[in-house]
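Raw protein_39.txt, compact mmCIF, C-alpha atoms:
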```txt
# COMPACT_ATOMS: atom_id res chain seq x y z
CA MET A 868 92.11 141.17 -10.52
CA HIS A 869 89.51 143.91 -11.15
CA VAL A 870 86.85 144.80 -13.71
CA ILE A 871 88.13 147.59 -15.97
CA GLU A 872 85.15 147.81 -18.29
CA TYR A 873 81.88 145.99 -18.75
CA ARG A 874 79.72 146.28 -21.88
CA ALA A 875 76.58 144.50 -23.04
CA GLN A 876 74.01 144.70 -25.82
CA ASN A 877 70.61 143.05 -26.23
CA ILE A 878 70.80 140.86 -23.11
CA LYS A 879 67.59 140.42 -21.09
CA ARG A 880 66.22 143.96 -20.60
CA ILE A 881 69.52 145.54 -21.68
CA LYS A 882 69.77 147.40 -24.99
CA ASP A 883 73.20 148.92 -24.67
CA ILE A 884 75.33 149.55 -21.57
CA ASP A 885 78.96 150.49 -21.01
CA PHE A 886 80.29 150.56 -17.42
CA LYS A 887 83.66 152.29 -17.09
CA MET A 888 84.79 150.79 -13.79
CA GLU A 889 88.55 151.36 -13.79
CA GLY A 890 89.58 153.43 -10.77
CA ARG A 891 86.20 152.99 -9.11
CA ASN A 892 85.71 150.92 -5.97
CA LEU A 893 82.04 151.50 -5.23
CA PHE A 894 79.92 151.42 -8.39
CA LEU A 895 76.26 152.26 -7.81
CA VAL A 896 73.84 151.16 -10.51
CA GLY A 897 70.58 153.07 -10.22
CA GLY A 898 67.28 153.17 -11.99
CA ALA A 899 63.55 152.73 -11.62
CA ASN A 900 61.97 149.30 -11.22
CA GLY A 901 61.86 147.50 -14.56
CA SER A 902 64.48 149.73 -16.17
CA GLY A 903 67.03 146.93 -16.61
CA LYS A 904 69.45 147.56 -13.75
CA THR A 905 69.08 144.00 -12.40
CA SER A 906 69.60 142.61 -15.92
CA SER A 907 72.81 144.60 -16.21
CA ILE A 908 74.26 142.97 -13.09
CA GLU A 909 72.96 139.48 -13.90
CA SER A 910 74.53 139.67 -17.36
CA LEU A 911 77.89 140.50 -15.78
CA LEU A 912 77.60 137.52 -13.44
CA SER A 913 76.58 135.24 -16.31
CA VAL A 914 80.00 135.83 -17.81
CA LEU A 915 82.02 135.71 -14.58
CA CYS A 916 80.23 132.71 -13.10
CA GLY A 917 79.87 130.42 -16.08
CA ARG A 918 76.89 128.22 -16.77
CA SER A 919 77.38 124.57 -15.88
CA GLY A 920 76.72 123.78 -12.21
CA MET A 921 76.49 127.44 -11.18
CA ASP A 922 73.53 129.05 -9.43
CA TYR A 923 73.48 132.20 -11.57
CA PRO A 924 70.99 133.20 -14.26
CA GLU A 925 71.63 132.15 -17.81
CA PRO A 926 72.22 134.92 -20.35
CA LEU A 927 69.10 135.46 -22.43
CA LEU A 928 68.67 137.43 -25.63
CA ARG A 929 66.53 140.52 -25.40
CA ASP A 930 63.02 139.92 -26.73
CA GLY A 931 62.84 140.51 -30.46
CA GLU A 932 66.62 140.44 -30.97
CA ASP A 933 68.64 137.79 -32.81
CA GLU A 934 72.09 138.81 -31.59
CA GLY A 935 73.52 139.97 -28.29
CA TRP A 936 76.83 140.03 -26.48
CA VAL A 937 78.57 140.71 -23.18
CA SER A 938 82.20 141.81 -22.84
CA VAL A 939 84.07 142.09 -19.53
CA LYS A 940 87.58 143.50 -19.45
CA LEU A 941 89.63 142.36 -16.45
CA SER A 942 92.99 143.53 -15.20
CA GLY A 943 95.71 140.83 -14.85
CA ASP A 944 97.08 138.66 -13.37
CA HIS A 945 95.37 135.24 -13.67
CA PRO A 946 96.69 132.29 -11.57
CA THR A 947 97.22 130.00 -14.61
CA MET A 948 97.58 132.48 -17.50
CA PRO A 949 99.97 135.35 -16.71
CA ASP A 950 99.32 138.74 -18.29
CA ASP A 951 100.28 142.00 -16.61
CA ASP A 952 97.88 144.05 -18.73
CA HIS A 953 94.35 142.70 -19.13
CA PHE A 954 92.01 139.89 -20.20
CA THR A 955 88.72 140.18 -22.08
CA CYS A 956 85.83 137.76 -21.44
CA GLN A 957 83.45 137.71 -24.40
CA LEU A 958 80.04 136.05 -24.56
CA GLU A 959 78.07 136.08 -27.80
CA LEU A 960 74.48 134.88 -28.31
CA THR A 961 72.99 134.22 -31.76
CA ARG A 962 69.44 133.07 -32.48
CA ASN A 963 68.79 130.67 -35.36
CA PRO A 964 66.03 132.39 -37.39
CA ARG A 965 64.46 129.08 -38.35
CA SER A 966 64.55 127.02 -35.12
CA GLY A 967 64.70 129.88 -32.65
CA VAL A 968 67.51 128.08 -30.78
CA VAL A 969 70.08 130.43 -29.26
CA LYS A 970 73.71 129.49 -29.79
CA GLU A 971 76.22 130.60 -27.19
CA SER A 972 79.89 131.35 -27.81
CA PHE A 973 82.29 132.17 -24.98
CA ARG A 974 85.98 132.97 -25.10
CA ILE A 975 88.70 134.69 -23.09
CA ILE A 976 91.63 136.45 -24.73
CA ASP A 977 94.63 138.14 -23.19
CA SER A 978 96.07 141.54 -24.13
CA LYS A 979 98.05 139.95 -26.96
CA GLY A 980 94.97 138.27 -28.47
CA ASP A 981 95.79 134.75 -27.28
CA ALA A 982 92.75 132.72 -26.24
CA ALA A 983 92.43 130.68 -23.06
CA PRO A 984 92.15 126.96 -23.94
CA SER A 985 89.39 126.30 -21.37
CA PRO A 986 87.59 129.60 -20.76
CA ARG A 987 85.02 128.28 -18.28
CA GLN A 988 87.72 126.63 -16.18
CA TRP A 989 89.74 129.84 -16.47
CA ILE A 990 86.81 131.63 -14.82
CA LYS A 991 86.38 129.01 -12.10
CA ASP A 992 90.09 129.23 -11.22
CA LEU A 993 89.51 132.79 -10.01
CA TYR A 994 87.56 131.86 -6.91
CA GLU A 995 86.47 128.96 -4.72
CA ASN A 996 83.29 130.56 -3.46
CA LYS A 997 80.74 131.49 -6.10
CA GLY A 998 78.80 133.90 -3.86
CA PHE A 999 79.47 137.43 -5.12
CA ASP A 1000 76.75 139.09 -3.04
CA PRO A 1001 78.37 139.94 0.34
CA LEU A 1002 75.00 140.53 1.99
CA VAL A 1003 74.24 136.83 1.59
CA PHE A 1004 76.33 136.42 4.75
CA ASP A 1005 74.03 138.87 6.54
CA ARG A 1006 70.95 136.97 5.36
CA MET A 1007 72.23 133.56 6.45
CA SER A 1008 70.90 131.72 9.47
CA LYS A 1009 72.94 132.13 12.65
CA MET A 1010 74.57 128.71 12.39
CA ASP A 1011 75.25 128.92 8.63
CA ARG A 1012 76.86 132.33 9.21
CA ARG A 1013 78.98 130.79 11.95
CA LYS A 1014 80.07 127.86 9.76
CA THR A 1015 81.01 130.20 6.89
CA ALA A 1016 83.13 132.44 9.13
CA LEU A 1017 84.85 129.50 10.82
CA LYS A 1018 85.70 127.92 7.48
CA LEU A 1019 87.09 131.26 6.32
CA VAL A 1020 89.50 131.56 9.27
CA GLY A 1021 90.55 127.93 8.90
CA LEU A 1022 88.86 126.51 11.98
CA ASP A 1023 87.32 123.08 11.57
CA LEU A 1024 85.11 122.66 14.60
CA ASP A 1025 83.20 119.67 13.23
CA GLY A 1026 85.13 117.44 15.63
CA PHE A 1027 84.23 119.73 18.53
CA GLU A 1028 80.61 119.86 17.43
CA THR A 1029 80.34 116.10 16.94
CA GLU A 1030 81.94 115.30 20.30
CA ARG A 1031 79.93 118.01 22.05
CA SER A 1032 76.71 116.79 20.47
CA ASP A 1033 77.51 113.22 21.57
CA LEU A 1034 78.27 114.36 25.13
CA TYR A 1035 75.17 116.55 25.15
CA ASP A 1036 72.96 113.63 24.05
CA LYS A 1037 74.52 111.37 26.68
CA ARG A 1038 74.05 113.99 29.38
CA LYS A 1039 70.46 114.53 28.24
CA LEU A 1040 69.85 110.79 28.63
CA ALA A 1041 71.65 110.77 32.02
CA ASN A 1042 69.59 113.72 33.27
CA SER A 1043 66.42 112.00 32.08
CA GLN A 1044 67.40 108.89 34.01
CA VAL A 1045 68.17 111.04 37.07
CA LYS A 1046 64.69 112.61 36.91
CA GLN A 1047 63.06 109.20 36.51
CA GLN A 1048 65.06 107.83 39.43
CA GLU A 1049 64.21 110.88 41.57
CA GLY A 1050 60.52 110.33 40.84
CA LYS A 1051 60.85 106.65 41.66
CA VAL A 1052 62.65 107.39 44.95
CA ASP A 1053 60.17 110.12 45.93
CA ALA A 1054 57.22 107.81 45.30
CA MET A 1055 58.58 105.03 47.50
CA PRO A 1056 57.32 104.81 51.15
CA SER A 1057 59.68 105.40 54.07
CA PHE A 1058 59.15 104.55 57.77
CA ASP A 1059 61.07 106.40 60.48
CA ASP A 1060 59.80 104.04 63.24
CA ALA A 1061 61.15 100.90 61.57
CA PRO A 1062 64.43 99.32 62.74
CA ASP A 1063 67.38 98.95 60.38
CA LYS A 1064 66.99 95.16 60.05
CA GLU A 1065 64.03 92.82 59.66
CA ILE A 1066 62.81 90.82 62.65
CA ASN A 1067 63.93 87.18 62.54
CA VAL A 1068 60.53 85.52 62.70
CA GLY A 1069 61.97 82.02 63.21
CA GLN A 1070 64.16 83.21 66.05
CA VAL A 1071 61.20 84.90 67.80
CA ALA A 1072 59.06 81.78 67.29
CA ASP A 1073 61.81 79.58 68.76
CA GLU A 1074 62.19 81.96 71.68
CA LEU A 1075 58.43 81.86 72.27
CA GLU A 1076 58.36 78.05 72.18
CA ALA A 1077 61.33 77.83 74.58
CA THR A 1078 59.62 80.21 76.98
CA ARG A 1079 56.40 78.20 76.84
CA GLU A 1080 58.32 74.96 77.46
CA SER A 1081 60.12 76.58 80.41
CA ASN A 1082 56.82 77.76 81.82
CA ARG A 1083 55.34 74.24 81.50
CA THR A 1084 58.29 72.79 83.41
CA ILE A 1085 57.87 75.41 86.13
CA ILE A 1086 54.14 74.68 86.36
CA GLU A 1087 54.83 70.96 86.72
CA ALA A 1088 57.47 71.65 89.39
CA GLU A 1089 55.05 73.90 91.24
CA GLY A 1090 52.46 71.10 91.18
CA VAL A 1091 54.95 68.61 92.54
CA HIS A 1092 55.99 71.15 95.18
CA LYS A 1093 52.39 71.73 96.21
CA ALA A 1094 51.77 67.99 96.49
CA LEU A 1095 54.86 67.55 98.60
CA VAL A 1096 53.72 70.32 100.95
CA GLU A 1097 50.40 68.58 101.40
CA LEU A 1098 52.08 65.24 102.03
CA SER A 1099 54.41 66.83 104.57
CA ASN A 1100 51.46 68.27 106.43
CA GLU A 1101 49.68 64.96 106.48
CA ALA A 1102 52.82 63.32 107.78
CA SER A 1103 53.06 65.79 110.64
CA ALA A 1104 49.43 65.09 111.55
CA GLU A 1105 50.02 61.41 111.48
CA VAL A 1106 52.98 61.86 113.83
CA ASP A 1107 50.64 63.49 116.33
CA ARG A 1108 47.98 60.84 115.94
CA LEU A 1109 50.12 57.83 115.43
CA GLU A 1110 52.90 57.77 117.96
CA ALA A 1111 53.09 54.11 117.42
CA GLU A 1112 54.04 54.71 113.90
CA LEU A 1113 56.45 57.52 114.88
CA LYS A 1114 59.49 55.86 113.57
CA THR A 1115 57.87 55.16 110.24
CA ALA A 1116 56.33 58.58 110.04
CA THR A 1117 59.63 60.20 111.03
CA VAL A 1118 61.44 58.38 108.29
CA LYS A 1119 58.80 59.44 105.81
CA MET A 1120 58.92 62.95 107.08
CA LYS A 1121 62.70 63.13 106.70
CA ALA A 1122 62.51 61.65 103.28
CA ARG A 1123 59.85 64.10 102.21
CA ALA A 1124 61.86 66.90 103.80
CA LYS A 1125 64.86 66.01 101.68
CA GLU A 1126 62.76 65.93 98.58
CA LEU A 1127 61.27 69.27 99.56
CA VAL A 1128 64.75 70.75 99.88
CA LYS A 1129 65.59 69.50 96.41
CA SER A 1130 62.34 70.92 95.08
CA ASN A 1131 63.11 74.35 96.57
CA LYS A 1132 66.51 74.29 94.96
CA ALA A 1133 64.96 73.30 91.63
CA LEU A 1134 62.46 76.17 91.82
CA LYS A 1135 65.19 78.64 92.58
CA VAL A 1136 67.21 77.37 89.59
CA LEU A 1137 64.21 77.61 87.27
CA GLY A 1138 63.29 81.06 88.46
CA GLU A 1139 59.97 82.82 88.02
CA LYS A 1140 57.61 82.31 85.11
CA LYS A 1141 57.96 84.76 82.18
CA SER A 1142 55.13 86.51 80.33
CA THR A 1143 54.58 85.43 76.70
CA GLU A 1144 52.34 88.36 75.76
CA GLU A 1145 55.23 90.55 74.57
CA LEU A 1146 56.67 87.80 72.37
CA VAL A 1147 53.24 86.98 70.95
CA ALA A 1148 52.71 90.68 70.12
CA LYS A 1149 56.22 90.94 68.61
CA LEU A 1150 55.53 87.91 66.46
CA LYS A 1151 52.25 89.41 65.27
CA GLU A 1152 53.91 92.77 64.46
CA SER A 1153 56.95 91.24 62.75
CA GLY A 1154 55.19 91.12 59.35
CA ASP A 1155 54.42 94.87 59.30
CA THR A 1156 57.84 95.74 60.75
CA ASN A 1157 59.71 93.65 58.22
CA THR A 1158 57.68 95.20 55.38
CA LYS A 1159 58.80 98.63 56.55
CA VAL A 1160 62.41 97.51 56.88
CA ARG A 1161 62.38 96.08 53.36
CA ALA A 1162 60.83 99.31 52.06
CA ASN A 1163 63.56 101.39 53.71
CA GLN A 1164 66.28 99.11 52.39
CA SER A 1165 64.82 99.27 48.87
CA LYS A 1166 64.68 103.07 48.99
CA THR A 1167 68.29 103.21 50.19
CA THR A 1168 69.32 101.05 47.21
CA GLU A 1169 67.47 103.31 44.77
CA LYS A 1170 69.09 106.36 46.37
CA ASP A 1171 72.48 104.77 45.70
CA VAL A 1172 71.47 104.29 42.04
CA LEU A 1173 70.39 107.94 41.94
CA THR A 1174 73.78 109.01 43.28
CA LEU A 1175 75.57 107.02 40.56
CA LEU A 1176 73.37 108.48 37.81
CA GLN A 1177 73.84 112.01 39.11
CA GLY A 1178 77.59 111.42 39.19
CA SER A 1179 77.54 110.32 35.54
CA ALA A 1180 75.55 113.41 34.55
CA ASP A 1181 77.97 115.66 36.45
CA LYS A 1182 80.98 114.07 34.70
CA LEU A 1183 79.36 114.67 31.31
CA THR A 1184 78.68 118.29 32.25
CA LYS A 1185 82.36 118.74 33.17
CA ALA A 1186 83.42 117.08 29.90
CA ILE A 1187 81.23 119.50 27.93
CA ALA A 1188 82.70 122.45 29.86
CA THR A 1189 86.24 121.20 29.11
CA LEU A 1190 85.39 120.82 25.43
CA ASP A 1191 83.89 124.32 25.33
CA LYS A 1192 87.09 125.74 26.87
CA SER A 1193 89.18 124.02 24.20
CA GLN A 1194 86.92 125.42 21.51
CA ASP A 1195 87.05 128.93 23.03
CA LYS A 1196 90.85 128.73 23.04
CA ALA A 1197 90.85 127.81 19.35
CA LEU A 1198 88.40 130.62 18.56
CA LYS A 1199 90.47 133.22 20.43
CA GLY A 1200 93.53 132.29 18.38
CA ALA A 1201 91.74 132.72 15.04
CA GLU A 1202 92.56 135.64 12.74
CA TRP A 1203 89.15 137.10 11.89
CA PRO A 1204 88.72 139.21 8.73
CA VAL A 1205 86.64 141.78 10.65
CA ASP A 1206 87.91 143.75 13.62
CA GLY A 1207 85.92 142.88 16.73
CA MET A 1208 84.51 139.69 15.18
CA SER A 1209 84.55 136.50 17.21
CA CYS A 1210 82.42 133.44 17.69
CA ASP A 1211 80.71 131.41 20.38
CA SER A 1212 78.62 128.24 20.29
CA ALA A 1213 75.49 130.20 19.34
CA GLY A 1214 76.84 132.24 16.43
CA ILE A 1215 78.99 135.16 15.29
CA LEU A 1216 79.79 138.05 17.63
CA LEU A 1217 80.67 141.65 16.83
CA ASP A 1218 82.39 143.47 19.72
CA ASP A 1219 81.30 140.63 22.05
CA ARG A 1220 77.63 141.10 21.12
CA PRO A 1221 75.51 138.83 18.91
CA TYR A 1222 75.91 139.71 15.24
CA GLU A 1223 72.15 140.07 14.95
CA ASN A 1224 72.15 142.89 17.53
CA ALA A 1225 74.60 145.02 15.59
CA SER A 1226 73.41 147.98 13.55
CA LYS A 1227 72.54 147.60 9.87
CA SER A 1228 75.66 149.56 8.94
CA GLN A 1229 77.91 147.35 11.09
CA ARG A 1230 76.42 144.19 9.60
CA VAL A 1231 76.78 145.43 6.03
CA ILE A 1232 80.45 146.35 6.56
CA ALA A 1233 81.17 143.04 8.31
CA SER A 1234 79.35 141.04 5.63
CA THR A 1235 81.28 142.89 2.94
CA LYS A 1236 84.62 142.12 4.57
CA ILE A 1237 83.64 138.45 4.72
CA GLY A 1238 82.84 138.61 1.00
CA MET A 1239 86.26 140.13 0.33
CA ALA A 1240 88.01 137.37 2.23
CA LEU A 1241 86.15 134.78 0.17
CA HIS A 1242 87.33 136.30 -3.15
CA PRO A 1243 91.05 137.01 -2.84
CA ASP A 1244 91.76 136.80 -6.62
CA LEU A 1245 88.78 138.33 -8.41
CA LYS A 1246 88.23 141.36 -6.21
CA LEU A 1247 84.61 141.96 -7.15
CA LEU A 1248 81.43 141.96 -5.08
CA VAL A 1249 77.86 142.44 -6.27
CA CYS A 1250 74.83 143.51 -4.25
CA PHE A 1251 71.33 143.34 -5.71
CA ASP A 1252 69.63 144.82 -2.65
CA GLY A 1253 71.19 148.17 -1.83
CA SER A 1254 68.15 150.41 -1.83
CA ASP A 1255 67.89 150.49 1.97
CA LEU A 1256 71.55 151.46 2.49
CA ASP A 1257 71.84 154.96 3.92
CA THR A 1258 74.39 157.53 2.81
CA HIS A 1259 76.61 156.89 5.85
CA THR A 1260 76.78 153.17 5.13
CA ILE A 1261 77.55 153.80 1.45
CA LYS A 1262 80.42 156.10 2.40
CA GLU A 1263 81.78 153.56 4.88
CA LEU A 1264 81.55 150.86 2.20
CA ASP A 1265 83.48 153.01 -0.25
CA LYS A 1266 86.18 153.58 2.36
CA VAL A 1267 86.49 149.86 3.17
CA LEU A 1268 86.58 148.94 -0.53
CA LYS A 1269 89.37 151.45 -1.24
CA GLU A 1270 91.43 150.22 1.69
CA SER A 1271 91.11 146.61 0.47
CA GLY A 1272 91.43 147.29 -3.26
CA PHE A 1273 88.00 145.78 -4.00
CA GLN A 1274 85.19 146.71 -6.38
CA MET A 1275 81.53 146.44 -5.55
CA LEU A 1276 78.47 146.93 -7.73
CA ILE A 1277 75.34 147.88 -5.83
CA GLU A 1278 71.89 148.05 -7.37
CA ILE A 1279 69.61 150.74 -5.94
CA VAL A 1280 66.15 151.97 -6.86
CA THR A 1281 66.35 155.70 -7.61
CA ARG A 1282 63.39 157.81 -6.58
CA SER A 1283 64.85 161.30 -6.85
CA GLN A 1284 67.57 163.30 -8.50
CA ALA A 1285 69.59 163.07 -5.28
CA ASP A 1286 69.47 159.27 -5.55
CA GLU A 1287 70.66 159.39 -9.15
CA ASP A 1288 73.50 161.74 -8.26
CA LEU A 1289 74.92 159.03 -5.99
CA CYS A 1290 75.13 156.53 -8.86
CA ALA A 1291 77.93 155.78 -11.29
CA VAL A 1292 75.32 154.98 -13.96
CA VAL A 1293 71.55 155.16 -14.16
CA ILE A 1294 69.71 152.60 -16.27
CA ARG A 1295 66.78 153.93 -18.29
CA ASP A 1296 64.90 151.67 -20.69
CA GLY A 1297 67.79 149.23 -20.89
CA GLN A 1298 70.49 151.81 -21.50
CA ALA A 1299 73.15 153.21 -19.18
CA LYS A 1300 73.06 156.97 -18.69
CA LYS A 1301 75.38 159.12 -16.64
CA PRO A 1302 73.75 160.95 -13.70
CA GLU A 1303 72.64 164.50 -14.45
CA ALA A 1304 75.15 165.86 -11.96
CA GLU A 1305 78.07 164.31 -13.93
CA LEU A 1306 76.65 165.56 -17.24
CA VAL A 1307 76.40 169.11 -15.93
CA GLU A 1308 79.92 168.93 -14.49
CA ALA A 1309 81.31 167.52 -17.75
CA SER A 1310 79.65 170.26 -19.82
```

What is this structure when it is put down as structure tokens?
Amino acid sequence: MHVIEYRAQNIKRIKDIDFKMEGRNLFLVGGANGSGKTSSIESLLSVLCGRSGMDYPEPLLRDGEDEGWVSVKLSGDHPTMPDDDHFTCQLELTRNPRSGVVKESFRIIDSKGDAAPSPRQWIKDLYENKGFDPLVFDRMSKMDRRKTALKLVGLDLDGFETERSDLYDKRKLANSQVKQQEGKVDAMPSFDDAPDKEINVGQVADELEATRESNRTIIEAEGVHKALVELSNEASAEVDRLEAELKTATVKMKARAKELVKSNKALKVLGEKKSTEELVAKLKESGDTNTKVRANQSKTTEKDVLTLLQGSADKLTKAIATLDKSQDKALKGAEWPVDGMSCDSAGILLDDRPYENASKSQRVIASTKIGMALHPDLKLLVCFDGSDLDTHTIKELDKVLKESGFQMLIEIVTRSQADEDLCAVVIRDGQAKKPEAELVEAS
């Protein structure tokens, strides 16, 4: 469906305009600032977009006028009201001279004069997206632009985004825990000279007591041995002095000799005395040593915790990578409305480069093609901000519009005759005039 003709009188800054749009794809509306060119486009949208719940300007009567109207003639065919010829959308505004209240009347009739039963719904049935300005896509934020394009190609990545966001938050928490654990481990003391296990203080104390007891026994045995030696010597002297008591002395001597033999054997069994200094020192050092051992064991435990946390973070990273691959696969299979367009997690790409890095001309063409895809029934686009479009971009737009069978109105500020010659109409003081170049050619 296309616009064949658009006429308006006494709407906003408009006095009288008549846009013959049949057969035209690119329709440039020029004029100086304040001439009424914006009003001419807004009045068109007021009819095509309706009033209730729409973000388009309401039609307003021109100051000082009591009547005004807008008429838009559209080629068929409508989805719910077939007509191979045309439809006419008519909006009439009438001011009550007493109250000043403006009454609005809107109707749609087909080529046979039959009226649509619900004209506003008839209009809404023409499109799902109410954005007629294709450059809105270019002015969107990176992520809004991405969402719009993905919705257009039928890709719902909300599930991907939700799952990825959840994994990302979990990994962020895991990495934070890893950093905290690393700091905790790094701050803990470590002792290379400490053994792997703590010293058993009770065992060392028992060993010390046993050694002391052994040494006391040896000392007592040595005393007995010394006394026996002395007694043996006395006995020998008595033998020399007391021959008369030889027998008695001999018996004593033999008895003492036997005991001496036993004593020697006992000493040999007991062995030599051991030093207790090393055990005493070990017992004194056991406190410091065991503190070091416990510190090392604690650090080893925390290192194990760090390993587990790092493992969790690594698994989450792999899960995110897997999810990204699945998303990339879905994106590669999408049918994009613009050649060379694709998408990554950051935004839209053109020829594998960020959309924002493309030239103005590339962005305008891409944004226009997105606008076309969003309006498959009513093939009309409207641009309020076309003054900075160069001649090359305008020609490329015209080519794209012809190839797709679309119409596009572009408002530009004319500053010279050359600017006006590019336009389909030039608005002066609320009225549509043909460019001088067309007037000369027609004459």

Pick out the residues sitting within 9 Å of stretch 1115-1122 of chain A, and hand them over as a JSON list (two decimals) with C-alpha atoms, keeping the file's coordinate frame; count all atoms listed in the file, and ignore anything fewer than 3 positions along from it in its own chain.
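New file out-v2.json:
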```json
[["chain", "number", "residue", "atom", "x", "y", "z"],
["A", 1098, "LEU", "CA", 52.08, 65.24, 102.03],
["A", 1099, "SER", "CA", 54.41, 66.83, 104.57],
["A", 1102, "ALA", "CA", 52.82, 63.32, 107.78],
["A", 1103, "SER", "CA", 53.06, 65.79, 110.64],
["A", 1105, "GLU", "CA", 50.02, 61.41, 111.48],
["A", 1106, "VAL", "CA", 52.98, 61.86, 113.83],
["A", 1109, "LEU", "CA", 50.12, 57.83, 115.43],
["A", 1110, "GLU", "CA", 52.90, 57.77, 117.96],
["A", 1111, "ALA", "CA", 53.09, 54.11, 117.42],
["A", 1112, "GLU", "CA", 54.04, 54.71, 113.90],
["A", 1125, "LYS", "CA", 64.86, 66.01, 101.68],
["A", 1126, "GLU", "CA", 62.76, 65.93, 98.58],
["A", 1127, "LEU", "CA", 61.27, 69.27, 99.56]]
```

Exercise for the section: Within 12 Å of A:His1259, counting only C-alpha atoms, which residues show up once you throw out same-chain ones fewer than 4 positions away? Write them as a ChimeraX atom specification, please. Expected result: /A:1227-1229,1231-1232,1255,1263-1266

Exercise for the section: Provide the atom CA of A:Ala1148 to atom CA of A:Ile1066 distance in Å, to one decimal place. Expected result: 12.6 Å

Practice task
Pick out the residues sitting within 8 Å of A:Lys1149, and hand them over as a ChimeraX atom specification; count only C-alpha atoms, and ignore anything fewer than 4 positions along from it in its own chain.
Solution key: /A:1071,1145,1153

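Atom CA of A:Ser938 is found 11.7 Å from atom CA of A:Leu960.
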
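Across A:Lys1236, A:His869, A:Arg1006, A:Arg1038, the tightest approach to A:Asp944 is made by A:His869 when counting only C-alpha atoms.
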
Exercise for the section: Determine the nearest neighbour of A:Leu993 from the options A:Ala1061, A:Leu1017, A:Leu915, A:Ala1186, counting all atoms listed in the file. Expected result: A:Leu915

Handout entry: Nearest residue to A:Val1045 from the set A:Val1136, A:Ala1124, A:Leu1146, A:Val1172 (distances using all atoms listed in the file)
Key =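 Between A:Val1136, A:Ala1124, A:Leu1146, A:Val1172, the residue approaching A:Val1045 most closely is A:Val1172.
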
Handout entry: 9 Å contact set for A:Leu1190, only C-alpha atoms, chain neighbours under 5 positions out, as a list in words
Key =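 Final neighbour list, sorted by chain and number: Phe1027, Glu1030, Arg1031, Lys1185 and Asp1195 of chain A.
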
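For the pair atom CA of A:Ser1179 and atom CA of A:Ala1041, the separation is 6.9 Å.
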
Exercise for the section: Identify the residues around (73.5, 154.0, -11.0) within a radius of 10 Å, measuring from only C-alpha atoms in the coordinates stated by the file, and give them as a PyMOL selection string. Expected result: chain A and resi 886+894-898+904+1276-1281+1286-1295+1299-1302

Practice task
Name the closest residue to A:Gly1154 among the candidates A:Leu1198, A:Ala1188, A:Val1068, A:Asp1218; distances are taken between atoms, counting all atoms listed in the file.
Solution key: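 Distance minimum relative to A:Gly1154 lands on A:Val1068.
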
Practice task
Pick out the closest residue to A:Arg1282 from this set: A:Gln1177, A:Thr1258, A:Gln1194, A:Asn900. Count all atoms listed in the file.
Solution key: A:Asn900

Practice task
Find the residue from A:Asn1131, A:Asn963, A:Gln1298, A:Asn1100 that sits nearest to A:Ala875; use all atoms listed in the file when measuring.
Solution key: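 Under the stated criterion, the closest residue is A:Gln1298.
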